[in-house]
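Trainee: This is the content of data_1.txt (compact mmCIF, C-alpha atoms and all ligand atoms):
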```txt
# COMPACT_ATOMS: atom_id res chain seq x y z
CA MET Y 2 -65.97 53.28 -89.53
CA LYS Y 3 -69.24 51.57 -90.43
CA GLN Y 4 -67.81 50.59 -93.83
CA VAL Y 5 -64.72 49.08 -92.19
CA VAL Y 6 -66.88 46.98 -89.83
CA LEU Y 7 -69.07 45.78 -92.71
CA PHE Y 8 -65.99 44.85 -94.69
CA ALA Y 9 -64.61 42.90 -91.74
CA VAL Y 10 -67.91 41.03 -91.28
CA ALA Y 11 -68.04 40.20 -94.98
CA ALA Y 12 -64.44 38.94 -94.87
CA ILE Y 13 -65.25 36.67 -91.91
CA LEU Y 14 -68.38 35.32 -93.66
CA ILE Y 15 -66.44 34.58 -96.85
CA ALA Y 16 -63.63 32.93 -94.91
CA GLY Y 17 -66.22 30.88 -93.01
CA ALA Y 18 -68.00 29.76 -96.16
CA ARG Y 19 -64.72 28.79 -97.76
CA SER Y 20 -63.62 26.71 -94.77
CA THR Y 21 -66.86 24.67 -94.86
CA VAL Y 22 -66.21 23.58 -98.44
CA GLN Y 23 -62.57 22.91 -97.65
CA ALA Y 24 -60.94 20.52 -95.21
CA LYS Y 25 -63.64 18.40 -93.62
CA GLU Y 26 -63.06 15.87 -90.87
CA TRP Y 27 -65.26 12.82 -91.41
CA GLU Y 28 -66.16 10.44 -88.59
CA ALA Y 29 -65.98 6.66 -88.59
CA ILE Y 30 -65.71 3.84 -86.03
CA ALA Y 31 -63.28 0.96 -85.52
CA GLY Y 32 -65.25 -1.99 -84.07
CA ALA Y 33 -68.48 -2.54 -82.14
CA GLU Y 34 -69.28 -4.86 -79.23
CA SER Y 35 -72.16 -6.18 -77.13
CA PRO Y 36 -72.52 -4.91 -73.53
CA ASP Y 37 -71.03 -8.18 -72.18
CA ARG Y 38 -68.09 -7.75 -74.63
CA GLY Y 39 -68.54 -11.31 -75.90
CA ARG Y 40 -69.84 -10.40 -79.36
CA GLN Y 41 -67.45 -8.35 -81.43
CA ALA Y 42 -67.83 -6.70 -84.82
CA LEU Y 43 -64.27 -6.76 -86.15
CA SER Y 44 -64.93 -4.12 -88.76
CA PHE Y 45 -64.38 -0.55 -89.78
CA LEU Y 46 -67.83 1.04 -89.63
CA PRO Y 47 -68.37 2.00 -92.37
CA ASN Y 48 -65.48 0.32 -94.17
CA GLU Y 49 -65.72 2.35 -97.37
CA LEU Y 50 -65.75 6.15 -97.59
CA TRP Y 51 -65.49 8.73 -100.38
CA ILE Y 52 -63.86 12.03 -99.39
CA HIS Y 53 -62.08 14.99 -100.99
CA THR Y 54 -58.37 15.72 -101.01
CA GLY Y 55 -57.47 17.76 -97.95
CA ASP Y 56 -60.15 16.00 -95.84
CA SER Y 57 -59.42 13.90 -92.77
CA ILE Y 58 -61.19 10.93 -91.20
CA ARG Y 59 -61.31 10.53 -87.44
CA TRP Y 60 -61.89 6.99 -86.20
CA THR Y 61 -63.27 6.30 -82.71
CA PHE Y 62 -62.32 3.05 -80.92
CA PRO Y 63 -65.34 2.22 -78.69
CA THR Y 64 -64.58 -1.42 -77.77
CA HIS Y 65 -62.63 -3.49 -75.26
CA GLU Y 66 -61.21 -5.50 -78.14
CA ARG Y 67 -58.04 -4.01 -79.63
CA HIS Y 68 -57.92 -2.48 -83.10
CA SER Y 69 -55.65 -0.31 -85.18
CA VAL Y 70 -56.15 2.04 -88.13
CA THR Y 71 -53.24 1.22 -90.41
CA PHE Y 72 -52.50 2.34 -93.96
CA LEU Y 73 -49.56 0.26 -95.20
CA ALA Y 74 -47.60 1.41 -98.23
CA PRO Y 75 -48.52 -0.59 -101.37
CA GLY Y 76 -46.41 -3.76 -101.50
CA GLN Y 77 -45.29 -3.43 -97.89
CA LEU Y 78 -45.25 -6.77 -96.04
CA ARG Y 79 -47.96 -6.81 -93.41
CA PRO Y 80 -46.21 -6.73 -90.01
CA PRO Y 81 -47.37 -8.78 -87.02
CA ILE Y 82 -49.30 -6.83 -84.40
CA TYR Y 83 -46.63 -7.51 -81.76
CA SER Y 84 -42.90 -8.17 -82.02
CA PRO Y 85 -42.07 -11.88 -82.39
CA ALA Y 86 -39.52 -11.31 -79.62
CA ALA Y 87 -41.80 -9.48 -77.16
CA TRP Y 88 -45.54 -9.92 -76.74
CA GLY Y 89 -47.30 -6.57 -76.37
CA VAL Y 90 -44.56 -4.55 -78.06
CA GLU Y 91 -46.00 -3.21 -81.31
CA VAL Y 92 -44.18 -3.48 -84.62
CA GLY Y 93 -46.31 -0.99 -86.57
CA CYS Y 94 -45.00 0.85 -89.64
CA PRO Y 95 -42.45 0.29 -87.86
CA GLY Y 96 -43.63 2.50 -85.01
CA VAL Y 97 -46.77 4.53 -84.42
CA THR Y 98 -47.52 7.74 -86.34
CA PRO Y 99 -48.91 10.72 -84.41
CA ASP Y 100 -52.61 11.60 -84.43
CA GLY Y 101 -53.41 13.70 -87.51
CA ALA Y 102 -50.69 12.15 -89.68
CA SER Y 103 -51.03 12.43 -93.47
CA PHE Y 104 -51.27 9.42 -95.76
CA ASP Y 105 -50.62 9.90 -99.47
CA GLY Y 106 -49.93 6.25 -100.38
CA SER Y 107 -46.15 6.51 -100.06
CA ALA Y 108 -45.36 5.90 -96.38
CA CYS Y 109 -47.20 3.80 -93.80
CA VAL Y 110 -49.47 5.39 -91.17
CA HIS Y 111 -50.36 3.40 -88.01
CA SER Y 112 -52.53 4.54 -85.09
CA GLY Y 113 -51.12 2.01 -82.67
CA ILE Y 114 -53.42 -0.43 -80.87
CA LEU Y 115 -56.34 1.50 -79.37
CA LEU Y 116 -59.14 0.24 -77.12
CA LEU Y 117 -61.24 1.11 -74.07
CA ASP Y 118 -59.84 0.79 -70.56
CA PRO Y 119 -60.81 -2.75 -69.39
CA ASN Y 120 -62.09 -1.31 -66.11
CA THR Y 121 -64.68 1.00 -67.66
CA GLU Y 122 -67.89 0.37 -69.56
CA SER Y 123 -68.21 3.99 -70.70
CA THR Y 124 -67.26 4.94 -74.23
CA ALA Y 125 -67.15 8.65 -73.28
CA ASN Y 126 -63.36 8.63 -73.27
CA ALA Y 127 -62.95 6.24 -76.19
CA PRO Y 128 -59.64 6.88 -77.98
CA THR Y 129 -59.72 8.43 -81.44
CA TYR Y 130 -57.24 8.76 -84.28
CA SER Y 131 -57.36 11.02 -87.33
CA VAL Y 132 -55.68 10.59 -90.71
CA HIS Y 133 -55.35 13.42 -93.26
CA PHE Y 134 -55.48 12.70 -97.02
CA PRO Y 135 -53.69 15.35 -99.12
CA THR Y 136 -53.62 13.33 -102.37
CA ALA Y 137 -56.26 11.75 -104.61
CA GLY Y 138 -56.23 7.95 -104.76
CA ASN Y 139 -57.84 4.76 -103.48
CA PHE Y 140 -56.28 3.61 -100.26
CA LYS Y 141 -56.70 0.34 -98.35
CA LEU Y 142 -57.10 0.42 -94.62
CA ALA Y 143 -56.20 -2.48 -92.31
CA CYS Y 144 -56.38 -3.41 -88.63
CA LEU Y 145 -53.13 -5.13 -87.69
CA ALA Y 146 -54.93 -7.08 -84.93
CA HIS Y 147 -57.50 -8.70 -87.28
CA ALA Y 148 -56.66 -10.19 -90.67
CA ASP Y 149 -60.17 -9.88 -92.09
CA MET Y 150 -60.88 -6.31 -91.04
CA ILE Y 151 -60.19 -4.09 -93.98
CA GLY Y 152 -61.58 -0.94 -95.56
CA VAL Y 153 -61.04 1.47 -98.44
CA VAL Y 154 -60.89 5.26 -98.55
CA HIS Y 155 -61.54 6.86 -101.95
CA VAL Y 156 -59.94 10.31 -102.05
CA LEU Y 157 -61.33 12.42 -104.92
CA ASN Y 158 -60.42 15.83 -106.28
CA PRO Y 159 -62.65 18.61 -104.90
CA SER Y 160 -64.18 19.18 -108.36
CA GLU Y 161 -65.87 15.75 -108.07
CA THR Y 162 -69.17 15.34 -106.25
CA LEU Y 163 -69.35 13.04 -103.22
CA SER Y 164 -72.26 10.56 -103.25
CA HIS Y 165 -72.67 10.29 -99.49
CA ASN Y 166 -72.72 12.62 -96.50
CA GLN Y 167 -71.83 12.03 -92.84
CA ASN Y 168 -75.45 11.13 -91.97
CA PHE Y 169 -75.34 8.30 -94.52
CA TYR Y 170 -72.09 6.97 -93.06
CA ASP Y 171 -73.46 7.23 -89.50
CA ARG Y 172 -76.52 5.16 -90.47
CA GLN Y 173 -74.37 2.66 -92.37
CA ALA Y 174 -71.99 2.29 -89.41
CA GLN Y 175 -74.93 1.68 -87.09
CA SER Y 176 -76.65 -0.88 -89.33
CA GLU Y 177 -73.47 -2.80 -90.21
CA GLY Y 178 -72.38 -2.94 -86.57
CA THR Y 179 -75.83 -4.20 -85.52
CA SER Y 180 -75.82 -6.77 -88.30
CA LEU Y 181 -72.38 -8.13 -87.37
CA LEU Y 182 -73.28 -8.39 -83.67
CA ALA Y 183 -76.49 -10.23 -84.64
CA ASP Y 184 -74.36 -12.60 -86.73
CA ALA Y 185 -72.19 -13.27 -83.67
CA SER Y 186 -75.33 -14.13 -81.64
CA ARG Y 187 -76.53 -16.51 -84.31
CA LEU Y 188 -73.12 -18.23 -84.42
CA GLY Y 189 -73.47 -18.92 -80.69
CA SER Y 190 -76.63 -20.91 -81.23
CA ARG Y 191 -75.14 -22.97 -84.03
CA GLU Y 192 -75.14 -26.64 -83.14
CA THR Y 193 -71.60 -27.83 -82.54
CA HIS Y 194 -71.10 -31.43 -83.47
CA GLN Y 195 -70.99 -33.75 -80.50
CA ASP Y 196 -70.30 -37.22 -81.80
CA GLU Y 197 -72.41 -39.67 -79.82
CA ASP Y 198 -70.26 -42.61 -80.90
CA ARG Y 199 -67.05 -41.08 -79.67
CA THR Y 200 -65.90 -42.07 -76.21
CA GLN Y 201 -64.00 -40.14 -73.58
CA SER Y 202 -63.97 -36.79 -75.36
CA ILE Y 203 -66.00 -33.69 -74.60
CA ASP Y 204 -65.97 -31.05 -77.32
CA ILE Y 205 -65.90 -27.30 -76.66
CA ALA Y 206 -65.82 -24.59 -79.32
CA ALA Y 207 -63.11 -22.08 -78.41
CA GLY Y 208 -64.65 -19.06 -80.09
CA ILE Y 209 -66.60 -18.96 -83.33
CA GLY Y 210 -66.63 -16.37 -86.08
CA GLU Y 211 -67.37 -15.56 -89.69
CA VAL Y 212 -66.05 -13.27 -92.40
CA VAL Y 213 -68.59 -11.27 -94.41
CA THR Y 214 -68.55 -8.64 -97.13
CA MET Y 215 -71.22 -5.95 -96.91
CA THR Y 216 -69.68 -3.25 -99.10
CA GLY Y 217 -67.35 -3.11 -102.09
CA ALA Y 218 -64.41 -2.51 -99.78
CA GLY Y 219 -63.83 -6.09 -98.65
CA SER Y 220 -63.99 -8.15 -95.53
CA GLN Y 221 -65.55 -7.46 -92.17
CA SER Y 222 -65.95 -10.12 -89.51
CA ALA Y 223 -68.19 -11.11 -86.62
CA SER Y 224 -66.82 -13.01 -83.67
CA LEU Y 225 -68.25 -14.62 -80.55
CA MET Y 226 -65.37 -14.51 -78.08
CA ARG Y 227 -66.61 -17.21 -75.75
CA PHE Y 228 -66.02 -20.88 -74.90
CA LEU Y 229 -69.37 -22.13 -76.14
CA ARG Y 230 -69.80 -24.55 -73.24
CA HIS Y 231 -68.24 -22.43 -70.54
CA ALA Y 232 -68.63 -25.09 -67.81
CA VAL Y 233 -68.42 -28.85 -68.34
CA LEU Y 234 -68.59 -31.78 -65.96
CA VAL Y 235 -66.29 -34.76 -66.71
CA ARG Y 236 -64.78 -37.79 -64.98
CA VAL Y 237 -61.19 -38.51 -64.00
CA GLY Y 238 -59.43 -39.86 -67.10
CA ASP Y 239 -61.68 -37.98 -69.56
CA THR Y 240 -60.27 -35.87 -72.35
CA VAL Y 241 -61.73 -32.49 -73.26
CA GLU Y 242 -61.13 -31.20 -76.78
CA TRP Y 243 -61.25 -27.49 -77.63
CA THR Y 244 -61.60 -26.46 -81.27
CA SER Y 245 -61.30 -22.89 -82.47
CA LEU Y 246 -64.03 -22.13 -85.02
CA GLU Y 247 -62.54 -18.76 -85.85
CA PRO Y 248 -61.77 -18.10 -89.53
CA SER Y 249 -59.12 -15.47 -88.92
CA ILE Y 250 -58.21 -14.73 -85.31
CA ASN Y 251 -56.31 -16.51 -82.54
CA HIS Y 252 -57.40 -17.87 -79.16
CA THR Y 253 -55.71 -19.84 -76.41
CA VAL Y 254 -56.82 -22.31 -73.75
CA THR Y 255 -54.75 -21.38 -70.71
CA PHE Y 256 -54.83 -23.07 -67.28
CA GLY Y 257 -53.14 -21.66 -64.18
CA MET Y 258 -50.56 -18.89 -64.24
CA GLU Y 259 -50.82 -16.82 -67.42
CA PRO Y 260 -47.54 -16.85 -69.39
CA ALA Y 261 -45.81 -13.59 -70.33
CA ASP Y 262 -46.17 -14.56 -74.00
CA PRO Y 263 -49.33 -16.55 -74.83
CA ARG Y 264 -48.25 -17.37 -78.40
CA PRO Y 265 -46.11 -20.52 -77.89
CA PRO Y 266 -47.49 -23.61 -76.14
CA SER Y 267 -46.07 -24.36 -72.71
CA ALA Y 268 -43.30 -26.95 -72.43
CA ASP Y 269 -45.60 -29.74 -71.27
CA VAL Y 270 -47.79 -29.49 -74.41
CA THR Y 271 -47.08 -32.05 -77.14
CA VAL Y 272 -48.20 -32.35 -80.75
CA THR Y 273 -50.44 -35.24 -81.81
CA SER Y 274 -50.16 -37.23 -85.04
CA ASP Y 275 -53.28 -35.46 -86.37
CA GLY Y 276 -51.81 -32.00 -85.89
CA ALA Y 277 -53.55 -31.06 -82.64
CA ARG Y 278 -51.88 -30.14 -79.35
CA GLN Y 279 -52.38 -32.09 -76.15
CA ALA Y 280 -51.55 -32.01 -72.45
CA VAL Y 281 -52.24 -33.88 -69.24
CA ILE Y 282 -53.40 -31.91 -66.20
CA GLY Y 283 -53.29 -33.42 -62.72
CA SER Y 284 -53.77 -30.41 -60.45
CA PRO Y 285 -55.65 -27.08 -60.59
CA ALA Y 286 -52.25 -25.50 -59.87
CA ASP Y 287 -50.79 -26.77 -63.17
CA ALA Y 288 -49.91 -23.98 -65.59
CA VAL Y 289 -50.68 -25.25 -69.10
CA ASN Y 290 -51.05 -23.04 -72.16
CA SER Y 291 -52.27 -24.34 -75.55
CA GLY Y 292 -50.41 -21.59 -77.39
CA PHE Y 293 -52.20 -19.82 -80.23
CA LEU Y 294 -54.99 -21.86 -81.77
CA SER Y 295 -55.04 -20.36 -85.25
CA PRO Y 296 -56.71 -21.12 -88.56
CA SER Y 297 -54.60 -21.55 -91.68
CA PRO Y 298 -54.32 -18.18 -93.45
CA GLN Y 299 -56.35 -17.60 -96.62
CA ASP Y 300 -54.88 -18.99 -99.81
CA ARG Y 301 -54.05 -16.42 -102.46
CA THR Y 302 -52.26 -16.70 -105.80
CA GLY Y 303 -48.66 -15.59 -105.42
CA LEU Y 304 -48.42 -16.38 -101.71
CA ALA Y 305 -46.32 -19.23 -100.36
CA GLU Y 306 -48.47 -22.22 -99.41
CA ALA Y 307 -49.20 -22.13 -95.68
CA LEU Y 308 -49.37 -25.10 -93.34
CA PRO Y 309 -52.73 -26.29 -91.97
CA GLY Y 310 -53.89 -24.31 -88.98
CA ILE Y 311 -53.50 -25.57 -85.42
CA THR Y 312 -57.05 -25.37 -84.17
CA ARG Y 313 -57.40 -28.17 -81.59
CA PHE Y 314 -56.21 -28.67 -78.04
CA ARG Y 315 -56.90 -31.84 -76.00
CA VAL Y 316 -56.46 -32.10 -72.26
CA THR Y 317 -56.76 -35.29 -70.23
CA PHE Y 318 -57.62 -34.72 -66.57
CA THR Y 319 -56.07 -37.22 -64.15
CA SER Y 320 -57.42 -36.01 -60.81
CA PRO Y 321 -60.68 -34.55 -59.51
CA GLY Y 322 -61.07 -30.83 -58.96
CA THR Y 323 -62.26 -27.55 -60.45
CA PHE Y 324 -60.06 -26.35 -63.28
CA ASN Y 325 -60.54 -22.75 -64.40
CA TYR Y 326 -59.09 -21.56 -67.67
CA ILE Y 327 -59.03 -18.47 -69.87
CA CYS Y 328 -58.23 -17.34 -73.36
CA ALA Y 329 -55.08 -15.38 -72.57
CA ILE Y 330 -55.86 -12.86 -75.31
CA HIS Y 331 -59.57 -12.32 -74.71
CA ASP Y 332 -60.08 -12.94 -70.98
CA GLU Y 333 -60.82 -9.23 -70.50
CA LEU Y 334 -63.77 -9.72 -72.84
CA GLY Y 335 -64.99 -12.52 -70.52
CA MET Y 336 -63.60 -15.48 -72.46
CA LYS Y 337 -63.22 -17.91 -69.56
CA GLY Y 338 -64.31 -21.44 -68.75
CA THR Y 339 -64.34 -24.18 -66.13
CA VAL Y 340 -63.87 -27.95 -66.24
CA ILE Y 341 -65.18 -29.77 -63.19
CA VAL Y 342 -63.62 -33.21 -62.86
CA HIS Y 343 -65.20 -35.77 -60.55
CA ARG Y 344 -64.38 -39.38 -59.74
CU CU Y 401 -59.46 -15.41 -77.48
```
Would you mind writing the structure in this file as structure tokens?
Mentor:
Amino acid sequence: MKQVVLFAVAAILIAGARSTVQAKEWEAIAGAESPDRGRQALSFLPNELWIHTGDSIRWTFPTHERHSVTFLAPGQLRPPIYSPAAWGVEVGCPGVTPDGASFDGSACVHSGILLLDPNTESTANAPTYSVHFPTAGNFKLACLAHADMIGVVHVLNPSETLSHNQNFYDRQAQSEGTSLLADASRLGSRETHQDEDRTQSIDIAAGIGEVVTMTGAGSQSASLMRFLRHAVLVRVGDTVEWTSLEPSINHTVTFGMEPADPRPPSADVTVTSDGARQAVIGSPADAVNSGFLSPSPQDRTGLAEALPGITRFRVTFTSPGTFNYICAIHDELGMKGTVIVHR
């Protein structure tokens, strides 16, 4: 009897030891934000990991900004985050793959858009998503919501030694997140150019960001999701000009009723000869949407030449009043502003 028990204990110990050297689930983070949600690290933290075949990585999504963990198949065209026909309806792989899906480089895996509930500050119930890697290879990771948020997972055979452990990645995630949020703060204090010689135009930066590279895996970005002068005082007849200073994401300037789809400009918005959009607003009840203010995409050999971005929106105010506006994409992060027009 004693021998049988000892044998059983030994079998459990061996099984336990074996399972610790086998399938490990690593932890990483998708995005970081400041407590007021205005500063966002649009980055996988860390964005480069070395793991063994059979391991998984579980990403946590602790922000109010939306992100995805997406492994596209090599050569697959990058899909838009939402259907061109229906804002908010995800395109994905197509579709979303279930938590714990395997990626071996042959078929796309997509977490779906994950983020914190806008009504809670707590990250205790932050969504997570795990991907399993059965095959050795070097795999690129993308967020479909942010063009310059990429990462790489190096999957090695178990006979190879891994250079870093989870503690290293935890520290790296922390320091890179802190660094990107500090970058976003610094961007907010950058002097925006107010031309003293220009008449009848008040300039407002509609968001400001930067793309950085802190590892060998490629781009991460820092973004200040704010109208940099959130309240301005102007006179009847003045024109206010918003300019997006974002290198890779979209914002809107939206007055009045929020449209179901914020991407196109509203019907009363016209295009200027210098490629900006413009509108006239006469009442705080007017519903006027700039549509997406977007930078031109990055140029790359082999890609079709893209048009210049549409980054400016000009509004002339023809009556006094208080005119509140939002970015229709990032208002839940607090991206809102006010124009006070007096006689
Ligand atoms: Cu925005």
Trainee: Using only C-alpha atoms and all ligand atoms, find each protein or nucleic acid residue lying at most 9 Å from ligand CU 401 (chain Y); present the set as a PyMOL selection string.
Mentor: chain Y and resi 207-208+226-228+250-254+293-294+327-332+334+336
Trainee: Kindly indicate which residue among Y:Thr339, Y:Thr54, Y:Gln41, Y:Thr129 lies nearest to Glu161 of chain Y, using only C-alpha atoms for the distances.
Mentor: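 Going through Y:Thr339, Y:Thr54, Y:Gln41, Y:Thr129 one by one, the smallest distance to Glu161 of chain Y is for Y:Thr54.
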Trainee: Looking at all atoms listed in the file, which of Y:Gly292, Y:Pro285, Y:Pro81, Y:Gly93 is the one that sits closest to Pro266 of chain Y?
Mentor: Y:Gly292
Trainee: Return the single residue from Y:Val153, Y:Ala174, Y:Leu73, Y:Ile311 that is closest to Ser245 of chain Y, with distances computed using all atoms listed in the file.
Mentor: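 Selected residue with least distance to Ser245 of chain Y: Y:Ile311.
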Trainee: Taking 3 positions as the minimum chain separation for residues in the same chain, which residues sit within 9 Å of Thr255 of chain Y when counting only C-alpha atoms? Answer as a list in words.
Mentor: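 Result of the neighbour search: Met258, Glu259, Pro260, Pro263, Ala288, Val289, Asn290, Ser291, Gly292, Asn325, Tyr326, Ile327, Cys328 and Ala329 of chain Y.
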Trainee: Which residue gives the smallest distance to Phe62 of chain Y among Y:Ala74, Y:Val213, Y:Ala29, Y:Leu145, with all atoms listed in the file counted?
Mentor: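 Of Y:Ala74, Y:Val213, Y:Ala29, Y:Leu145, the one nearest Phe62 of chain Y, counting all atoms listed in the file, is Y:Ala29.
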Trainee: Please work out which residues fall within 9 Å of (-63.3, -2.0, -70.8), coordinates as given in the file, with all atoms listed in the file counting, and return them as a list in words.
Mentor: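 Neighbouring residues, ordered by chain and number, come to Arg38, Thr64, His65, Glu66, Leu116, Leu117, Asp118, Pro119, Asn120, Thr121, Glu122, Ser123, Thr124, Glu333 and Leu334 of chain Y.
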Trainee: Rebuild N, CA, C and O atoms on segment 45-61 of chain Y, as a PDB file, in the frame of the given file?
Mentor:
```pdb
ATOM      1  N   PHE Y  45     -64.289  -2.006 -89.701  1.00  0.00           N
ATOM      2  CA  PHE Y  45     -64.380  -0.550 -89.780  1.00  0.00           C
ATOM      3  C   PHE Y  45     -65.824  -0.232 -90.165  1.00  0.00           C
ATOM      4  O   PHE Y  45     -66.399  -0.868 -91.053  1.00  0.00           O
ATOM      5  N   LEU Y  46     -66.403   0.735 -89.463  1.00  0.00           N
ATOM      6  CA  LEU Y  46     -67.830   1.040 -89.630  1.00  0.00           C
ATOM      7  C   LEU Y  46     -67.988   2.529 -89.972  1.00  0.00           C
ATOM      8  O   LEU Y  46     -67.827   3.356 -89.073  1.00  0.00           O
ATOM      9  N   PRO Y  47     -68.319   2.891 -91.209  1.00  0.00           N
ATOM     10  CA  PRO Y  47     -68.370   2.000 -92.370  1.00  0.00           C
ATOM     11  C   PRO Y  47     -66.957   1.640 -92.810  1.00  0.00           C
ATOM     12  O   PRO Y  47     -66.005   2.247 -92.327  1.00  0.00           O
ATOM     13  N   ASN Y  48     -66.843   0.678 -93.737  1.00  0.00           N
ATOM     14  CA  ASN Y  48     -65.480   0.320 -94.170  1.00  0.00           C
ATOM     15  C   ASN Y  48     -65.170   0.835 -95.570  1.00  0.00           C
ATOM     16  O   ASN Y  48     -64.185   0.436 -96.177  1.00  0.00           O
ATOM     17  N   GLU Y  49     -66.023   1.727 -96.072  1.00  0.00           N
ATOM     18  CA  GLU Y  49     -65.720   2.350 -97.370  1.00  0.00           C
ATOM     19  C   GLU Y  49     -66.242   3.785 -97.337  1.00  0.00           C
ATOM     20  O   GLU Y  49     -67.432   4.011 -97.057  1.00  0.00           O
ATOM     21  N   LEU Y  50     -65.353   4.732 -97.592  1.00  0.00           N
ATOM     22  CA  LEU Y  50     -65.750   6.150 -97.590  1.00  0.00           C
ATOM     23  C   LEU Y  50     -65.182   6.859 -98.808  1.00  0.00           C
ATOM     24  O   LEU Y  50     -64.098   6.512 -99.276  1.00  0.00           O
ATOM     25  N   TRP Y  51     -65.942   7.864 -99.287  1.00  0.00           N
ATOM     26  CA  TRP Y  51     -65.490   8.730-100.380  1.00  0.00           C
ATOM     27  C   TRP Y  51     -65.326  10.141 -99.803  1.00  0.00           C
ATOM     28  O   TRP Y  51     -66.284  10.693 -99.229  1.00  0.00           O
ATOM     29  N   ILE Y  52     -64.140  10.689 -99.949  1.00  0.00           N
ATOM     30  CA  ILE Y  52     -63.860  12.030 -99.390  1.00  0.00           C
ATOM     31  C   ILE Y  52     -63.094  12.849-100.436  1.00  0.00           C
ATOM     32  O   ILE Y  52     -62.753  12.349-101.500  1.00  0.00           O
ATOM     33  N   HIS Y  53     -62.858  14.119-100.095  1.00  0.00           N
ATOM     34  CA  HIS Y  53     -62.080  14.990-100.990  1.00  0.00           C
ATOM     35  C   HIS Y  53     -60.634  15.111-100.500  1.00  0.00           C
ATOM     36  O   HIS Y  53     -60.358  14.955 -99.303  1.00  0.00           O
ATOM     37  N   THR Y  54     -59.751  15.442-101.412  1.00  0.00           N
ATOM     38  CA  THR Y  54     -58.370  15.720-101.010  1.00  0.00           C
ATOM     39  C   THR Y  54     -58.380  16.865 -99.994  1.00  0.00           C
ATOM     40  O   THR Y  54     -59.162  17.813-100.109  1.00  0.00           O
ATOM     41  N   GLY Y  55     -57.521  16.754 -99.024  1.00  0.00           N
ATOM     42  CA  GLY Y  55     -57.470  17.760 -97.950  1.00  0.00           C
ATOM     43  C   GLY Y  55     -58.346  17.394 -96.768  1.00  0.00           C
ATOM     44  O   GLY Y  55     -58.188  17.955 -95.679  1.00  0.00           O
ATOM     45  N   ASP Y  56     -59.283  16.429 -96.955  1.00  0.00           N
ATOM     46  CA  ASP Y  56     -60.150  16.000 -95.840  1.00  0.00           C
ATOM     47  C   ASP Y  56     -59.375  15.044 -94.924  1.00  0.00           C
ATOM     48  O   ASP Y  56     -58.348  14.471 -95.306  1.00  0.00           O
ATOM     49  N   SER Y  57     -59.935  14.880 -93.727  1.00  0.00           N
ATOM     50  CA  SER Y  57     -59.420  13.900 -92.770  1.00  0.00           C
ATOM     51  C   SER Y  57     -60.552  12.968 -92.368  1.00  0.00           C
ATOM     52  O   SER Y  57     -61.727  13.280 -92.578  1.00  0.00           O
ATOM     53  N   ILE Y  58     -60.195  11.829 -91.818  1.00  0.00           N
ATOM     54  CA  ILE Y  58     -61.190  10.930 -91.200  1.00  0.00           C
ATOM     55  C   ILE Y  58     -60.716  10.663 -89.776  1.00  0.00           C
ATOM     56  O   ILE Y  58     -59.548  10.307 -89.556  1.00  0.00           O
ATOM     57  N   ARG Y  59     -61.634  10.847 -88.836  1.00  0.00           N
ATOM     58  CA  ARG Y  59     -61.310  10.530 -87.440  1.00  0.00           C
ATOM     59  C   ARG Y  59     -62.055   9.260 -87.039  1.00  0.00           C
ATOM     60  O   ARG Y  59     -63.281   9.205 -87.081  1.00  0.00           O
ATOM     61  N   TRP Y  60     -61.301   8.237 -86.665  1.00  0.00           N
ATOM     62  CA  TRP Y  60     -61.890   6.990 -86.200  1.00  0.00           C
ATOM     63  C   TRP Y  60     -61.970   6.989 -84.672  1.00  0.00           C
ATOM     64  O   TRP Y  60     -61.008   7.394 -84.004  1.00  0.00           O
ATOM     65  N   THR Y  61     -63.100   6.501 -84.149  1.00  0.00           N
ATOM     66  CA  THR Y  61     -63.270   6.300 -82.710  1.00  0.00           C
ATOM     67  C   THR Y  61     -63.169   4.804 -82.424  1.00  0.00           C
ATOM     68  O   THR Y  61     -63.644   3.986 -83.218  1.00  0.00           O
TER      69      THR Y  61
END
```
